[in-house]
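Engineer: One structure, pasted below without further comment.
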Amino acid sequence: MPSFDCSGIGGAVADCDNVALFWGIGVAHIIVVGNEKGGAGKSTVSMHVATALARLGHRVGALDLDLRQTTMGRYIENRRAFLARRGMDLPTPAYRDLPAVDKASLHQGENIYDVRLTQALEEMQDTQDFILIDCPGSHTRLSQMAHSVADTLITPLNDSFVDFDLLARIDPEDGRIMGPSVYSEMVWGARQRRAQAGLDPIDWIVVRNRLGTQQMVNKKKMGKALETLSKRIGFRVAPGFSERVVFRELFPKGLTLLDLRDVGLSQMKLSNIAARQELRDLISALSLPDVKANF
Ligand SMILES: Nc1ncnc2c1ncn2[C@@H]1O[C@H](COP(=O)(O)OP(=O)(O)OP(=O)(O)O)[C@@H](O)[C@H]1O
Ligand SMILES: [Mg+2]
């Protein structure tokens, strides 16, 4: 397995020593959902994208790198339990925990988290079309490594300048972008590592989440700031999700917007139909290989 040294790339990745590369081993397209800001909607987006792809007939594996909260893992567990109770079968991502690794088995200089993630990915690479990785809302070794293996990176972002601050610093007087911030620097480090290894660049997509029907001034300002920043640091902005109560209600049963009809909700509320359209627009905007958002 090839590896490389990322010393000297910059402060944001200085702790990333000798990250192992395992691209090219299998065929799976890796989608990482990340943002160091907590509560941005990573697990909600992860579950919806992974389930949408499974429902479109793709083989989807899922990993949760938030080893403490494991929201994505619990979401899929809830889904399996709900479907079992109902005696139903709906397309469901294949979730797996990171494998446990005995510290005594590590070679000198090997990092246990790198080995755990590598093993999980190797096991899924040849059996899945997509591997979706949900990251924690903080800067961890696992998250940093996951960003380096991303073919597609989705960053949900709450429509607030508090969240924007993790992407870039802006001038409080005129809104000018003054420079990249911690999370963008981390993604930049991941991009550098891939470039050094001769790999395809990450397709980075920022998704605005919890968009309100009011606060139009803030919404416009955020839109403008994101558009400017997207050109500076190289990401695309995808259509996002509005603030909707339904997203908070689906978790206990492990359901997504796409399952509502199957579980007996014949009369879809207008807001659910609109939310479903938002998801369709997002899946289209991701431009994933061989995916047509015809649900
Ligand atoms: N579009 C939305 N409308 C309403 N509520 C939402 C929406 N998206 C997410 N939420 C709610 O916001 C909260 C945070 O969402 P989520 O857990 O997906 O974020 P996260 O980025 O994974 O958080 P963490 O950083 O803690 O892992 C949850 O209560 C979720 O139900
Ligand atoms: Mg989460």
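Identifiers in the structure tokens: chain A, B, ... in order shown; residue index from 1 per chain; ligand index from 1 in order shown.
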Extract, using only C-alpha atoms, all DNA, RNA and protein residues at most 10 Å from Gln119 of chain A, discarding same-chain residues fewer than 6 positions from it, and format them as a list in words.

Structural biologist: Phe22, Leu98, Pro99, Ala100, Val101, Tyr113 and Gln125 of chain A

Engineer: Those residues you just picked out, can you put them in a file as an mmCIF file, in the first residue's frame with all heavy atoms?

Structural biologist:
```
data_model
loop_
_atom_site.group_PDB
_atom_site.id
_atom_site.type_symbol
_atom_site.label_atom_id
_atom_site.label_comp_id
_atom_site.auth_asym_id
_atom_site.auth_seq_id
_atom_site.Cartn_x
_atom_site.Cartn_y
_atom_site.Cartn_z
ATOM 1 N N PHE A 22 -5.186 4.407 0.000
ATOM 2 C CA PHE A 22 -5.707 3.133 -0.472
ATOM 3 C C PHE A 22 -6.632 3.334 -1.655
ATOM 4 O O PHE A 22 -7.458 2.533 -1.966
ATOM 5 C CB PHE A 22 -6.449 2.376 0.631
ATOM 6 C CG PHE A 22 -7.144 3.301 1.564
ATOM 7 C CD1 PHE A 22 -8.344 3.855 1.212
ATOM 8 C CD2 PHE A 22 -6.552 3.635 2.768
ATOM 9 C CE1 PHE A 22 -8.973 4.734 2.059
ATOM 10 C CE2 PHE A 22 -7.191 4.521 3.611
ATOM 11 C CZ PHE A 22 -8.386 5.070 3.267
ATOM 12 N N LEU A 98 -16.292 0.859 12.592
ATOM 13 C CA LEU A 98 -14.868 0.691 12.292
ATOM 14 C C LEU A 98 -14.372 -0.550 13.026
ATOM 15 O O LEU A 98 -14.729 -0.763 14.183
ATOM 16 C CB LEU A 98 -14.070 1.899 12.790
ATOM 17 C CG LEU A 98 -14.204 3.213 12.042
ATOM 18 C CD1 LEU A 98 -13.136 4.187 12.518
ATOM 19 C CD2 LEU A 98 -14.122 3.037 10.542
ATOM 20 N N PRO A 99 -13.577 -1.380 12.385
ATOM 21 C CA PRO A 99 -13.110 -2.586 13.073
ATOM 22 C C PRO A 99 -12.185 -2.236 14.244
ATOM 23 O O PRO A 99 -11.494 -1.225 14.203
ATOM 24 C CB PRO A 99 -12.328 -3.330 11.983
ATOM 25 C CG PRO A 99 -11.976 -2.294 10.979
ATOM 26 C CD PRO A 99 -13.032 -1.241 11.030
ATOM 27 N N ALA A 100 -12.218 -3.081 15.263
ATOM 28 C CA ALA A 100 -11.280 -2.899 16.381
ATOM 29 C C ALA A 100 -9.918 -3.413 15.923
ATOM 30 O O ALA A 100 -9.841 -4.381 15.167
ATOM 31 C CB ALA A 100 -11.769 -3.689 17.580
ATOM 32 N N VAL A 101 -8.881 -2.729 16.330
ATOM 33 C CA VAL A 101 -7.526 -3.167 15.962
ATOM 34 C C VAL A 101 -6.709 -3.283 17.242
ATOM 35 O O VAL A 101 -6.741 -2.398 18.093
ATOM 36 C CB VAL A 101 -6.877 -2.144 14.987
ATOM 37 C CG1 VAL A 101 -5.391 -2.394 14.836
ATOM 38 C CG2 VAL A 101 -7.561 -2.202 13.623
ATOM 39 N N TYR A 113 -5.915 4.810 14.219
ATOM 40 C CA TYR A 113 -7.124 5.284 13.520
ATOM 41 C C TYR A 113 -6.983 5.108 12.007
ATOM 42 O O TYR A 113 -7.932 4.751 11.320
ATOM 43 C CB TYR A 113 -7.399 6.747 13.866
ATOM 44 C CG TYR A 113 -7.826 6.906 15.300
ATOM 45 C CD1 TYR A 113 -6.999 7.510 16.226
ATOM 46 C CD2 TYR A 113 -9.054 6.413 15.725
ATOM 47 C CE1 TYR A 113 -7.394 7.634 17.558
ATOM 48 C CE2 TYR A 113 -9.457 6.533 17.043
ATOM 49 C CZ TYR A 113 -8.620 7.145 17.951
ATOM 50 O OH TYR A 113 -9.014 7.255 19.246
ATOM 51 N N GLN A 125 -14.524 -1.611 -0.335
ATOM 52 C CA GLN A 125 -14.176 -1.100 -1.664
ATOM 53 C C GLN A 125 -14.714 -1.931 -2.818
ATOM 54 O O GLN A 125 -15.179 -1.390 -3.809
ATOM 55 C CB GLN A 125 -12.655 -0.986 -1.807
ATOM 56 C CG GLN A 125 -12.091 0.329 -1.347
ATOM 57 C CD GLN A 125 -12.343 1.452 -2.345
ATOM 58 O OE1 GLN A 125 -12.924 1.264 -3.401
ATOM 59 N NE2 GLN A 125 -11.914 2.640 -1.982
#
```

Engineer: Around ligand 2, out to 8 Å and counting only C-alpha atoms and all ligand atoms, which residues are there? I want them as a ChimeraX atom specification.

Structural biologist: /A:38-39,41-44,66,69-72,134-137

Engineer: Show which residues sit within 6 Å of segment 247-264 of chain A, as an NGL selection string. Count only C-alpha atoms, and ignore same-chain residues fewer than 4 positions away.

Structural biologist: :A and (48 or 75-76 or 78-79 or 82)

Engineer: Have a look at A:Ile112, A:Leu65, A:Leu132, A:Ala285 and name the one nearest to ligand 1; count only C-alpha atoms and all ligand atoms.

Structural biologist: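 With only C-alpha atoms and all ligand atoms as the atom set, the closest residue is A:Leu65.
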
Engineer: According to DSSP computed on the backbone, where in segment 96-160 of chain A is there helix (DSSP H, G or I)? Give the residues as a PyMOL selection string.

Structural biologist: chain A and resi 103-105+112-125+141-148
